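Student: A single structure is presented below for examination.
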Amino acid sequence: MAAVTTLKDPTTTALSRNAKTAIARDFGAASKTYNPAARLQRYMGQVMFDQLLEPGCLPQVGTGCQILDLGCGTGWFTGQLDGISGGPEGSVTGADLSLGMLDYARAAGAPGIRWLVADAESLPLEDNSLDVIFSNLMIQWCNNSVGVLAECRRVLRPGGRLFVSTLLDGTLDELRGAWQQADPGREHVNRFESEEVFRRQALEALPAPCIATESIVLDYPAPMALLAELKAIGAGFKGSARRRKATAPGRLRAMCHHYPKGNDGQVYATYKAAWLTCRLLH
């Protein structure tokens, strides 16, 4: 059985430590419900995985690749990455902040995969030690995106490749608008960086990053189904302004009333997706 390694960053402040503990707890609690509900995550990760399979993309073909799945969650893509790492000379590490997620991933994953509890803002890995970093819908939960990208650059070898997906401002705007009418002045939906800010962060940390964006629209039978999906993947509202008690039924009904409905009776949620790729030439 593969081991799970836990490393702590002593420089983390108490405030950020508390926030990160809450995020890790929320995602760990969702480990058993995550995979069936993670259709957006599967789609966005598959876009990056398909890029990895393009001819000439993987470095050191034939000698094996050192691959990190950063924010691996339940290990959905970690196992697939293990299959393309190049045999005995290659290796795959699945890293996540949530021990609960890693416990699930380890139980379901191949025996040769290494599992690592780690903070993406302070990776316990050596400089120039990796060929590929694959990070699917993780960086938007970090306090310091520039720091995460700089850490990725530090641990990648010359010629190494970085693949990152994230969500941008405009994500879940339908839900945000419905809540603003139902519960004015109270935040209920996570905030995401604007595309302009994310591009600036990438340029600050990386040489010649390439960013592609897409609006993804998913359908739901009702607004409560959207909330249930977000809860199932551990992606409920994480802001400091969230209520400590369950939201009153009256406010939930009001939110559902204000949520825009399509002509087909379905409701739709928009996700502003972004993919960042970068190859380190030196």
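All residue names refer to the structure tokens as shown: chains lettered A, B, ... in order, residues numbered from 1 in each chain, ligands numbered from 1 in order.
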Could you list, as an NGL selection string, every residue within 10 Å of Val132 of chain A, counting only C-alpha atoms and ignoring same-chain residues fewer than 4 positions away?
Tutor: :A and (52 or 57-59 or 65-69 or 81 or 85 or 92 or 152 or 155-157 or 159-163 or 279)
Student: Can you check which parts of segment 162-241 of chain A lie within 12 Å of segment 250-255 of chain A? Per residue, the shortest pair of atoms and distance in Å to one decimal, counting only C-alpha atoms, sorted by chain and number, as a Markdown table.
Tutor:
| residue | atom | partner | partner_atom | distance |
| --- | --- | --- | --- | --- |
| A:Glu174 | CA | A:Met255 | CA | 10.4 |
| A:Leu175 | CA | A:Met255 | CA | 8.1 |
| A:Arg176 | CA | A:Met255 | CA | 9.4 |
| A:Gly177 | CA | A:Met255 | CA | 8.8 |
| A:Ala178 | CA | A:Met255 | CA | 5.1 |
| A:Trp179 | CA | A:Met255 | CA | 5.3 |
| A:Gln180 | CA | A:Met255 | CA | 8.3 |
| A:Gln181 | CA | A:Met255 | CA | 7.2 |
| A:Ala182 | CA | A:Met255 | CA | 5.0 |
| A:Asp183 | CA | A:Arg251 | CA | 6.6 |
| A:Pro184 | CA | A:Arg251 | CA | 10.4 |
| A:Arg186 | CA | A:Arg251 | CA | 11.3 |
| A:His188 | CA | A:Met255 | CA | 10.5 |
| A:Ala222 | CA | A:Met255 | CA | 11.0 |
| A:Pro223 | CA | A:Met255 | CA | 8.1 |
| A:Met224 | CA | A:Leu252 | CA | 8.4 |
| A:Leu226 | CA | A:Met255 | CA | 12.0 |
| A:Leu227 | CA | A:Leu252 | CA | 10.3 |
Student: Enter the distance from atom CA of Phe237 of chain A to atom CA of Ser31 of chain A, in Å, rounded to one decimal.
Tutor: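 Taking atom CA of Phe237 of chain A as the start and atom CA of Ser31 of chain A as the end point, the length is 17.1 Å.
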Student: Pick the closest to Leu172 of chain A from A:Met101, A:Ile84, A:Val267, A:Val117: which is it, counting only C-alpha atoms?
Tutor: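 Using only C-alpha atoms, Leu172 of chain A sits closest to A:Val267.
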Student: List as a list in words the protein and nucleic acid residues near segment 194-197 of chain A, meaning an atom at most 10 Å away when only C-alpha atoms are counted, but skip any in the same chain fewer than 4 places from it.
Tutor: Leu167, Leu168, Asp169, Gly170, Gln201, Ala202, Leu203, Ile211, Thr213, Lys272, Ala273 and Ala274 of chain A
Student: Would you give me, as a ChimeraX atom specification, the residues in segment 8-208 of chain A that DSSP reads as strand (DSSP E)?
Tutor: /A:66-70,91-96,114-117,130-136,156-167
Student: Go ahead and write the residues just picked, C-alpha atoms, as an mmCIF file, in the first residue's frame.
Tutor:
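After the write, again_11.cif holds the following:
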data_model
loop_
_atom_site.group_PDB
_atom_site.id
_atom_site.type_symbol
_atom_site.label_atom_id
_atom_site.label_comp_id
_atom_site.auth_asym_id
_atom_site.auth_seq_id
_atom_site.Cartn_x
_atom_site.Cartn_y
_atom_site.Cartn_z
ATOM 1 C CA GLN A 66 8.420 12.605 -13.047
ATOM 2 C CA ILE A 67 4.837 13.865 -12.834
ATOM 3 C CA LEU A 68 3.034 15.741 -10.063
ATOM 4 C CA ASP A 69 -0.772 15.857 -9.879
ATOM 5 C CA LEU A 70 -1.110 18.988 -7.759
ATOM 6 C CA SER A 91 6.904 8.221 -11.262
ATOM 7 C CA VAL A 92 3.686 9.982 -10.310
ATOM 8 C CA THR A 93 2.942 11.861 -7.101
ATOM 9 C CA GLY A 94 -0.554 12.905 -6.112
ATOM 10 C CA ALA A 95 -0.471 15.909 -3.770
ATOM 11 C CA ASP A 96 -3.385 17.517 -1.977
ATOM 12 C CA ARG A 114 3.172 8.353 -4.080
ATOM 13 C CA TRP A 115 0.647 10.378 -2.084
ATOM 14 C CA LEU A 116 1.665 13.629 -0.437
ATOM 15 C CA VAL A 117 -0.214 15.960 1.909
ATOM 16 C CA LEU A 130 9.795 17.287 -12.079
ATOM 17 C CA ASP A 131 9.011 16.977 -15.762
ATOM 18 C CA VAL A 132 5.262 17.669 -15.640
ATOM 19 C CA ILE A 133 2.889 19.365 -13.207
ATOM 20 C CA PHE A 134 -0.818 18.748 -13.786
ATOM 21 C CA SER A 135 -3.168 20.820 -11.632
ATOM 22 C CA ASN A 136 -6.891 20.644 -12.282
ATOM 23 C CA LEU A 156 10.090 21.922 -12.802
ATOM 24 C CA ARG A 157 13.199 21.003 -14.761
ATOM 25 C CA PRO A 158 14.283 22.867 -17.909
ATOM 26 C CA GLY A 159 11.964 21.612 -20.612
ATOM 27 C CA GLY A 160 9.321 20.760 -18.039
ATOM 28 C CA ARG A 161 5.665 21.487 -18.670
ATOM 29 C CA LEU A 162 2.974 23.018 -16.501
ATOM 30 C CA PHE A 163 -0.758 22.442 -17.003
ATOM 31 C CA VAL A 164 -3.173 24.374 -14.785
ATOM 32 C CA SER A 165 -6.927 24.845 -14.989
ATOM 33 C CA THR A 166 -8.941 27.311 -12.959
ATOM 34 C CA LEU A 167 -12.193 29.266 -12.790
#
Student: Using DSSP on the backbone, list every residue of segment 27-147 of chain A that comes out as helix (DSSP H, G or I), and give them as a PDB file with N, CA, C and O atoms, in the first residue's frame.
Tutor:
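Once written, result_4.pdb looks like this:
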ATOM      1  N   PHE A  27     -13.292  19.570   1.514  1.00  0.00           N
ATOM      2  CA  PHE A  27     -13.038  18.653   0.406  1.00  0.00           C
ATOM      3  C   PHE A  27     -12.881  17.216   0.906  1.00  0.00           C
ATOM      4  O   PHE A  27     -13.314  16.268   0.239  1.00  0.00           O
ATOM      5  N   GLY A  28     -12.281  17.046   2.066  1.00  0.00           N
ATOM      6  CA  GLY A  28     -12.174  15.703   2.619  1.00  0.00           C
ATOM      7  C   GLY A  28     -13.537  15.091   2.890  1.00  0.00           C
ATOM      8  O   GLY A  28     -13.768  13.906   2.629  1.00  0.00           O
ATOM      9  N   ALA A  29     -14.466  15.904   3.396  1.00  0.00           N
ATOM     10  CA  ALA A  29     -15.818  15.418   3.677  1.00  0.00           C
ATOM     11  C   ALA A  29     -16.553  15.020   2.402  1.00  0.00           C
ATOM     12  O   ALA A  29     -17.489  14.216   2.435  1.00  0.00           O
ATOM     13  N   TYR A  34     -17.627  12.947  -4.401  1.00  0.00           N
ATOM     14  CA  TYR A  34     -16.992  13.840  -5.375  1.00  0.00           C
ATOM     15  C   TYR A  34     -17.086  13.306  -6.809  1.00  0.00           C
ATOM     16  O   TYR A  34     -17.562  14.003  -7.717  1.00  0.00           O
ATOM     17  N   ASN A  35     -16.624  12.099  -7.051  1.00  0.00           N
ATOM     18  CA  ASN A  35     -16.486  11.611  -8.426  1.00  0.00           C
ATOM     19  C   ASN A  35     -17.788  11.627  -9.224  1.00  0.00           C
ATOM     20  O   ASN A  35     -17.804  12.092 -10.369  1.00  0.00           O
ATOM     21  N   PRO A  36     -18.910  11.138  -8.684  1.00  0.00           N
ATOM     22  CA  PRO A  36     -20.138  11.164  -9.487  1.00  0.00           C
ATOM     23  C   PRO A  36     -20.612  12.567  -9.842  1.00  0.00           C
ATOM     24  O   PRO A  36     -21.313  12.755 -10.849  1.00  0.00           O
ATOM     25  N   ALA A  37     -20.256  13.560  -9.026  1.00  0.00           N
ATOM     26  CA  ALA A  37     -20.740  14.923  -9.234  1.00  0.00           C
ATOM     27  C   ALA A  37     -19.765  15.807  -9.995  1.00  0.00           C
ATOM     28  O   ALA A  37     -20.102  16.941 -10.360  1.00  0.00           O
ATOM     29  N   ARG A  39     -18.542  16.543 -12.925  1.00  0.00           N
ATOM     30  CA  ARG A  39     -18.532  16.564 -14.401  1.00  0.00           C
ATOM     31  C   ARG A  39     -17.725  17.731 -14.950  1.00  0.00           C
ATOM     32  O   ARG A  39     -17.035  17.591 -15.958  1.00  0.00           O
ATOM     33  N   LEU A  40     -17.773  18.886 -14.320  1.00  0.00           N
ATOM     34  CA  LEU A  40     -16.948  20.006 -14.765  1.00  0.00           C
ATOM     35  C   LEU A  40     -15.472  19.680 -14.588  1.00  0.00           C
ATOM     36  O   LEU A  40     -14.653  19.941 -15.486  1.00  0.00           O
ATOM     37  N   GLN A  41     -15.123  19.105 -13.456  1.00  0.00           N
ATOM     38  CA  GLN A  41     -13.725  18.771 -13.173  1.00  0.00           C
ATOM     39  C   GLN A  41     -13.193  17.742 -14.175  1.00  0.00           C
ATOM     40  O   GLN A  41     -12.048  17.841 -14.624  1.00  0.00           O
ATOM     41  N   ARG A  42     -14.014  16.758 -14.518  1.00  0.00           N
ATOM     42  CA  ARG A  42     -13.575  15.749 -15.489  1.00  0.00           C
ATOM     43  C   ARG A  42     -13.357  16.373 -16.860  1.00  0.00           C
ATOM     44  O   ARG A  42     -12.378  16.065 -17.547  1.00  0.00           O
ATOM     45  N   TYR A  43     -14.268  17.257 -17.265  1.00  0.00           N
ATOM     46  CA  TYR A  43     -14.129  17.887 -18.571  1.00  0.00           C
ATOM     47  C   TYR A  43     -12.867  18.741 -18.640  1.00  0.00           C
ATOM     48  O   TYR A  43     -12.069  18.629 -19.580  1.00  0.00           O
ATOM     49  N   MET A  44     -12.657  19.578 -17.635  1.00  0.00           N
ATOM     50  CA  MET A  44     -11.521  20.487 -17.681  1.00  0.00           C
ATOM     51  C   MET A  44     -10.202  19.745 -17.563  1.00  0.00           C
ATOM     52  O   MET A  44      -9.215  20.084 -18.219  1.00  0.00           O
ATOM     53  N   GLY A  45     -10.173  18.707 -16.728  1.00  0.00           N
ATOM     54  CA  GLY A  45      -8.954  17.913 -16.625  1.00  0.00           C
ATOM     55  C   GLY A  45      -8.668  17.133 -17.901  1.00  0.00           C
ATOM     56  O   GLY A  45      -7.503  16.974 -18.284  1.00  0.00           O
ATOM     57  N   GLN A  46      -9.724  16.667 -18.558  1.00  0.00           N
ATOM     58  CA  GLN A  46      -9.519  15.894 -19.777  1.00  0.00           C
ATOM     59  C   GLN A  46      -8.917  16.752 -20.886  1.00  0.00           C
ATOM     60  O   GLN A  46      -8.124  16.260 -21.699  1.00  0.00           O
ATOM     61  N   VAL A  47      -9.288  18.030 -20.920  1.00  0.00           N
ATOM     62  CA  VAL A  47      -8.676  18.938 -21.902  1.00  0.00           C
ATOM     63  C   VAL A  47      -7.161  18.949 -21.729  1.00  0.00           C
ATOM     64  O   VAL A  47      -6.400  18.857 -22.708  1.00  0.00           O
ATOM     65  N   MET A  48      -6.685  19.036 -20.498  1.00  0.00           N
ATOM     66  CA  MET A  48      -5.240  19.060 -20.251  1.00  0.00           C
ATOM     67  C   MET A  48      -4.610  17.697 -20.511  1.00  0.00           C
ATOM     68  O   MET A  48      -3.502  17.603 -21.060  1.00  0.00           O
ATOM     69  N   PHE A  49      -5.300  16.638 -20.111  1.00  0.00           N
ATOM     70  CA  PHE A  49      -4.741  15.304 -20.327  1.00  0.00           C
ATOM     71  C   PHE A  49      -4.588  15.016 -21.818  1.00  0.00           C
ATOM     72  O   PHE A  49      -3.584  14.433 -22.248  1.00  0.00           O
ATOM     73  N   ASP A  50      -5.553  15.433 -22.624  1.00  0.00           N
ATOM     74  CA  ASP A  50      -5.450  15.253 -24.072  1.00  0.00           C
ATOM     75  C   ASP A  50      -4.255  16.016 -24.645  1.00  0.00           C
ATOM     76  O   ASP A  50      -3.596  15.539 -25.583  1.00  0.00           O
ATOM     77  N   GLN A  51      -3.973  17.181 -24.081  1.00  0.00           N
ATOM     78  CA  GLN A  51      -2.791  17.932 -24.529  1.00  0.00           C
ATOM     79  C   GLN A  51      -1.512  17.173 -24.208  1.00  0.00           C
ATOM     80  O   GLN A  51      -0.559  17.172 -25.002  1.00  0.00           O
ATOM     81  N   LEU A  52      -1.482  16.518 -23.058  1.00  0.00           N
ATOM     82  CA  LEU A  52      -0.309  15.735 -22.679  1.00  0.00           C
ATOM     83  C   LEU A  52      -0.040  14.594 -23.653  1.00  0.00           C
ATOM     84  O   LEU A  52       1.109  14.177 -23.832  1.00  0.00           O
ATOM     85  N   THR A  78      -4.878  11.120 -11.461  1.00  0.00           N
ATOM     86  CA  THR A  78      -3.570  10.635 -11.022  1.00  0.00           C
ATOM     87  C   THR A  78      -3.276   9.264 -11.611  1.00  0.00           C
ATOM     88  O   THR A  78      -2.166   8.993 -12.074  1.00  0.00           O
ATOM     89  N   GLY A  79      -4.275   8.405 -11.591  1.00  0.00           N
ATOM     90  CA  GLY A  79      -4.096   7.077 -12.163  1.00  0.00           C
ATOM     91  C   GLY A  79      -3.833   7.113 -13.650  1.00  0.00           C
ATOM     92  O   GLY A  79      -3.023   6.338 -14.174  1.00  0.00           O
ATOM     93  N   GLN A  80      -4.497   8.028 -14.362  1.00  0.00           N
ATOM     94  CA  GLN A  80      -4.266   8.150 -15.795  1.00  0.00           C
ATOM     95  C   GLN A  80      -2.861   8.691 -16.069  1.00  0.00           C
ATOM     96  O   GLN A  80      -2.197   8.265 -17.019  1.00  0.00           O
ATOM     97  N   LEU A  81      -2.412   9.601 -15.242  1.00  0.00           N
ATOM     98  CA  LEU A  81      -1.054  10.117 -15.387  1.00  0.00           C
ATOM     99  C   LEU A  81      -0.029   9.026 -15.129  1.00  0.00           C
ATOM    100  O   LEU A  81       1.016   8.965 -15.785  1.00  0.00           O
ATOM    101  N   ASP A  82      -0.334   8.153 -14.195  1.00  0.00           N
ATOM    102  CA  ASP A  82       0.561   7.030 -13.913  1.00  0.00           C
ATOM    103  C   ASP A  82       0.726   6.151 -15.144  1.00  0.00           C
ATOM    104  O   ASP A  82       1.803   5.601 -15.390  1.00  0.00           O
ATOM    105  N   GLY A  83      -0.334   6.052 -15.930  1.00  0.00           N
ATOM    106  CA  GLY A  83      -0.281   5.225 -17.124  1.00  0.00           C
ATOM    107  C   GLY A  83       0.572   5.783 -18.244  1.00  0.00           C
ATOM    108  O   GLY A  83       0.934   5.046 -19.173  1.00  0.00           O
ATOM    109  N   GLY A  87       6.746   4.006 -17.486  1.00  0.00           N
ATOM    110  CA  GLY A  87       7.217   2.735 -16.961  1.00  0.00           C
ATOM    111  C   GLY A  87       8.054   2.875 -15.707  1.00  0.00           C
ATOM    112  O   GLY A  87       7.911   3.833 -14.936  1.00  0.00           O
ATOM    113  N   PRO A  88       8.977   1.928 -15.489  1.00  0.00           N
ATOM    114  CA  PRO A  88       9.726   1.868 -14.219  1.00  0.00           C
ATOM    115  C   PRO A  88      10.535   3.121 -13.907  1.00  0.00           C
ATOM    116  O   PRO A  88      10.761   3.448 -12.745  1.00  0.00           O
ATOM    117  N   GLU A  89      10.997   3.820 -14.940  1.00  0.00           N
ATOM    118  CA  GLU A  89      11.811   5.011 -14.703  1.00  0.00           C
ATOM    119  C   GLU A  89      10.970   6.242 -14.391  1.00  0.00           C
ATOM    120  O   GLU A  89      11.490   7.254 -13.936  1.00  0.00           O
ATOM    121  N   LEU A  99      -6.193  15.477   3.627  1.00  0.00           N
ATOM    122  CA  LEU A  99      -5.868  14.088   3.939  1.00  0.00           C
ATOM    123  C   LEU A  99      -7.034  13.171   3.614  1.00  0.00           C
ATOM    124  O   LEU A  99      -6.849  12.037   3.172  1.00  0.00           O
ATOM    125  N   GLY A 100      -8.268  13.663   3.809  1.00  0.00           N
ATOM    126  CA  GLY A 100      -9.437  12.859   3.482  1.00  0.00           C
ATOM    127  C   GLY A 100      -9.483  12.484   2.010  1.00  0.00           C
ATOM    128  O   GLY A 100      -9.801  11.340   1.656  1.00  0.00           O
ATOM    129  N   MET A 101      -9.180  13.439   1.146  1.00  0.00           N
ATOM    130  CA  MET A 101      -9.136  13.149  -0.289  1.00  0.00           C
ATOM    131  C   MET A 101      -8.034  12.139  -0.596  1.00  0.00           C
ATOM    132  O   MET A 101      -8.221  11.195  -1.382  1.00  0.00           O
ATOM    133  N   LEU A 102      -6.874  12.310   0.020  1.00  0.00           N
ATOM    134  CA  LEU A 102      -5.751  11.419  -0.257  1.00  0.00           C
ATOM    135  C   LEU A 102      -6.015  10.002   0.254  1.00  0.00           C
ATOM    136  O   LEU A 102      -5.596   9.027  -0.372  1.00  0.00           O
ATOM    137  N   ASP A 103      -6.708   9.875   1.367  1.00  0.00           N
ATOM    138  CA  ASP A 103      -7.065   8.545   1.851  1.00  0.00           C
ATOM    139  C   ASP A 103      -7.930   7.824   0.825  1.00  0.00           C
ATOM    140  O   ASP A 103      -7.751   6.627   0.566  1.00  0.00           O
ATOM    141  N   TYR A 104      -8.882   8.557   0.269  1.00  0.00           N
ATOM    142  CA  TYR A 104      -9.745   7.972  -0.764  1.00  0.00           C
ATOM    143  C   TYR A 104      -8.929   7.618  -2.003  1.00  0.00           C
ATOM    144  O   TYR A 104      -9.062   6.525  -2.568  1.00  0.00           O
ATOM    145  N   ALA A 105      -8.072   8.546  -2.444  1.00  0.00           N
ATOM    146  CA  ALA A 105      -7.268   8.316  -3.649  1.00  0.00           C
ATOM    147  C   ALA A 105      -6.325   7.138  -3.474  1.00  0.00           C
ATOM    148  O   ALA A 105      -6.154   6.316  -4.389  1.00  0.00           O
ATOM    149  N   ARG A 106      -5.710   7.047  -2.313  1.00  0.00           N
ATOM    150  CA  ARG A 106      -4.781   5.951  -2.059  1.00  0.00           C
ATOM    151  C   ARG A 106      -5.491   4.609  -2.119  1.00  0.00           C
ATOM    152  O   ARG A 106      -4.975   3.637  -2.695  1.00  0.00           O
ATOM    153  N   ALA A 107      -6.694   4.514  -1.531  1.00  0.00           N
ATOM    154  CA  ALA A 107      -7.437   3.259  -1.515  1.00  0.00           C
ATOM    155  C   ALA A 107      -7.823   2.812  -2.917  1.00  0.00           C
ATOM    156  O   ALA A 107      -7.896   1.612  -3.202  1.00  0.00           O
ATOM    157  N   ALA A 108      -8.055   3.791  -3.814  1.00  0.00           N
ATOM    158  CA  ALA A 108      -8.506   3.458  -5.165  1.00  0.00           C
ATOM    159  C   ALA A 108      -7.373   3.442  -6.182  1.00  0.00           C
ATOM    160  O   ALA A 108      -7.559   2.952  -7.305  1.00  0.00           O
ATOM    161  N   ILE A 139      -6.008  25.800  -8.109  1.00  0.00           N
ATOM    162  CA  ILE A 139      -5.349  27.059  -7.774  1.00  0.00           C
ATOM    163  C   ILE A 139      -6.347  28.137  -7.339  1.00  0.00           C
ATOM    164  O   ILE A 139      -5.987  29.054  -6.593  1.00  0.00           O
ATOM    165  N   GLN A 140      -7.598  28.036  -7.746  1.00  0.00           N
ATOM    166  CA  GLN A 140      -8.575  29.060  -7.360  1.00  0.00           C
ATOM    167  C   GLN A 140      -8.883  29.022  -5.861  1.00  0.00           C
ATOM    168  O   GLN A 140      -9.433  29.973  -5.316  1.00  0.00           O
ATOM    169  N   TRP A 141      -8.506  27.945  -5.181  1.00  0.00           N
ATOM    170  CA  TRP A 141      -8.727  27.863  -3.739  1.00  0.00           C
ATOM    171  C   TRP A 141      -7.524  28.366  -2.940  1.00  0.00           C
ATOM    172  O   TRP A 141      -7.559  28.354  -1.699  1.00  0.00           O
ATOM    173  N   SER A 145      -1.916  32.887  -5.709  1.00  0.00           N
ATOM    174  CA  SER A 145      -1.752  32.196  -6.988  1.00  0.00           C
ATOM    175  C   SER A 145      -0.363  32.393  -7.572  1.00  0.00           C
ATOM    176  O   SER A 145       0.217  31.469  -8.150  1.00  0.00           O
ATOM    177  N   VAL A 146       0.189  33.583  -7.422  1.00  0.00           N
ATOM    178  CA  VAL A 146       1.543  33.838  -7.923  1.00  0.00           C
ATOM    179  C   VAL A 146       2.540  32.930  -7.219  1.00  0.00           C
ATOM    180  O   VAL A 146       3.442  32.355  -7.845  1.00  0.00           O
ATOM    181  N   GLY A 147       2.373  32.785  -5.913  1.00  0.00           N
ATOM    182  CA  GLY A 147       3.261  31.914  -5.163  1.00  0.00           C
ATOM    183  C   GLY A 147       3.161  30.467  -5.608  1.00  0.00           C
ATOM    184  O   GLY A 147       4.170  29.753  -5.693  1.00  0.00           O
TER     185      GLY A 147
END
Student: Expressed in Å to a single decimal, how great is the separation between atom CA of Ala269 of chain A and atom CA of Lys238 of chain A?
Tutor: 18.5 Å
Student: Using only C-alpha atoms, determine which residues lie at most 7 Å from Ala24 of chain A, disregarding the query and same-chain residues fewer than 4 positions distant; provide the list as an NGL selection string.
Tutor: :A and (20 or 28 or 97-98)
Student: With all heavy atoms retained, could you export that selection as a JSON list (two decimals), in the first residue's frame?
Tutor:
[["chain", "number", "residue", "atom", "x", "y", "z"],
["A", 20, "LYS", "N", -7.11, 27.36, 5.34],
["A", 20, "LYS", "CA", -6.72, 26.16, 4.61],
["A", 20, "LYS", "C", -7.24, 24.90, 5.28],
["A", 20, "LYS", "O", -7.63, 23.94, 4.60],
["A", 20, "LYS", "CB", -5.19, 26.12, 4.48],
["A", 20, "LYS", "CG", -4.65, 27.18, 3.55],
["A", 20, "LYS", "CD", -3.13, 27.22, 3.55],
["A", 20, "LYS", "CE", -2.62, 28.34, 2.65],
["A", 20, "LYS", "NZ", -1.15, 28.41, 2.65],
["A", 28, "GLY", "N", -12.28, 17.05, 2.07],
["A", 28, "GLY", "CA", -12.17, 15.70, 2.62],
["A", 28, "GLY", "C", -13.54, 15.09, 2.89],
["A", 28, "GLY", "O", -13.77, 13.91, 2.63],
["A", 97, "LEU", "N", -4.01, 19.10, -0.27],
["A", 97, "LEU", "CA", -4.05, 19.66, 1.08],
["A", 97, "LEU", "C", -4.92, 18.82, 2.01],
["A", 97, "LEU", "O", -4.77, 18.87, 3.22],
["A", 97, "LEU", "CB", -4.58, 21.09, 1.02],
["A", 97, "LEU", "CG", -4.50, 21.96, 2.26],
["A", 97, "LEU", "CD1", -3.05, 22.22, 2.65],
["A", 97, "LEU", "CD2", -5.22, 23.29, 2.02],
["A", 98, "SER", "N", -5.85, 18.03, 1.41],
["A", 98, "SER", "CA", -6.83, 17.30, 2.18],
["A", 98, "SER", "C", -6.42, 15.84, 2.39],
["A", 98, "SER", "O", -6.33, 15.07, 1.43],
["A", 98, "SER", "CB", -8.19, 17.33, 1.47],
["A", 98, "SER", "OG", -9.10, 16.44, 2.08]]
Student: So the first atom is atom CA of Ile233 of chain A and the second is atom CA of Ala110 of chain A; what is the distance between them in Å, to one decimal place?
Tutor: 22.5 Å
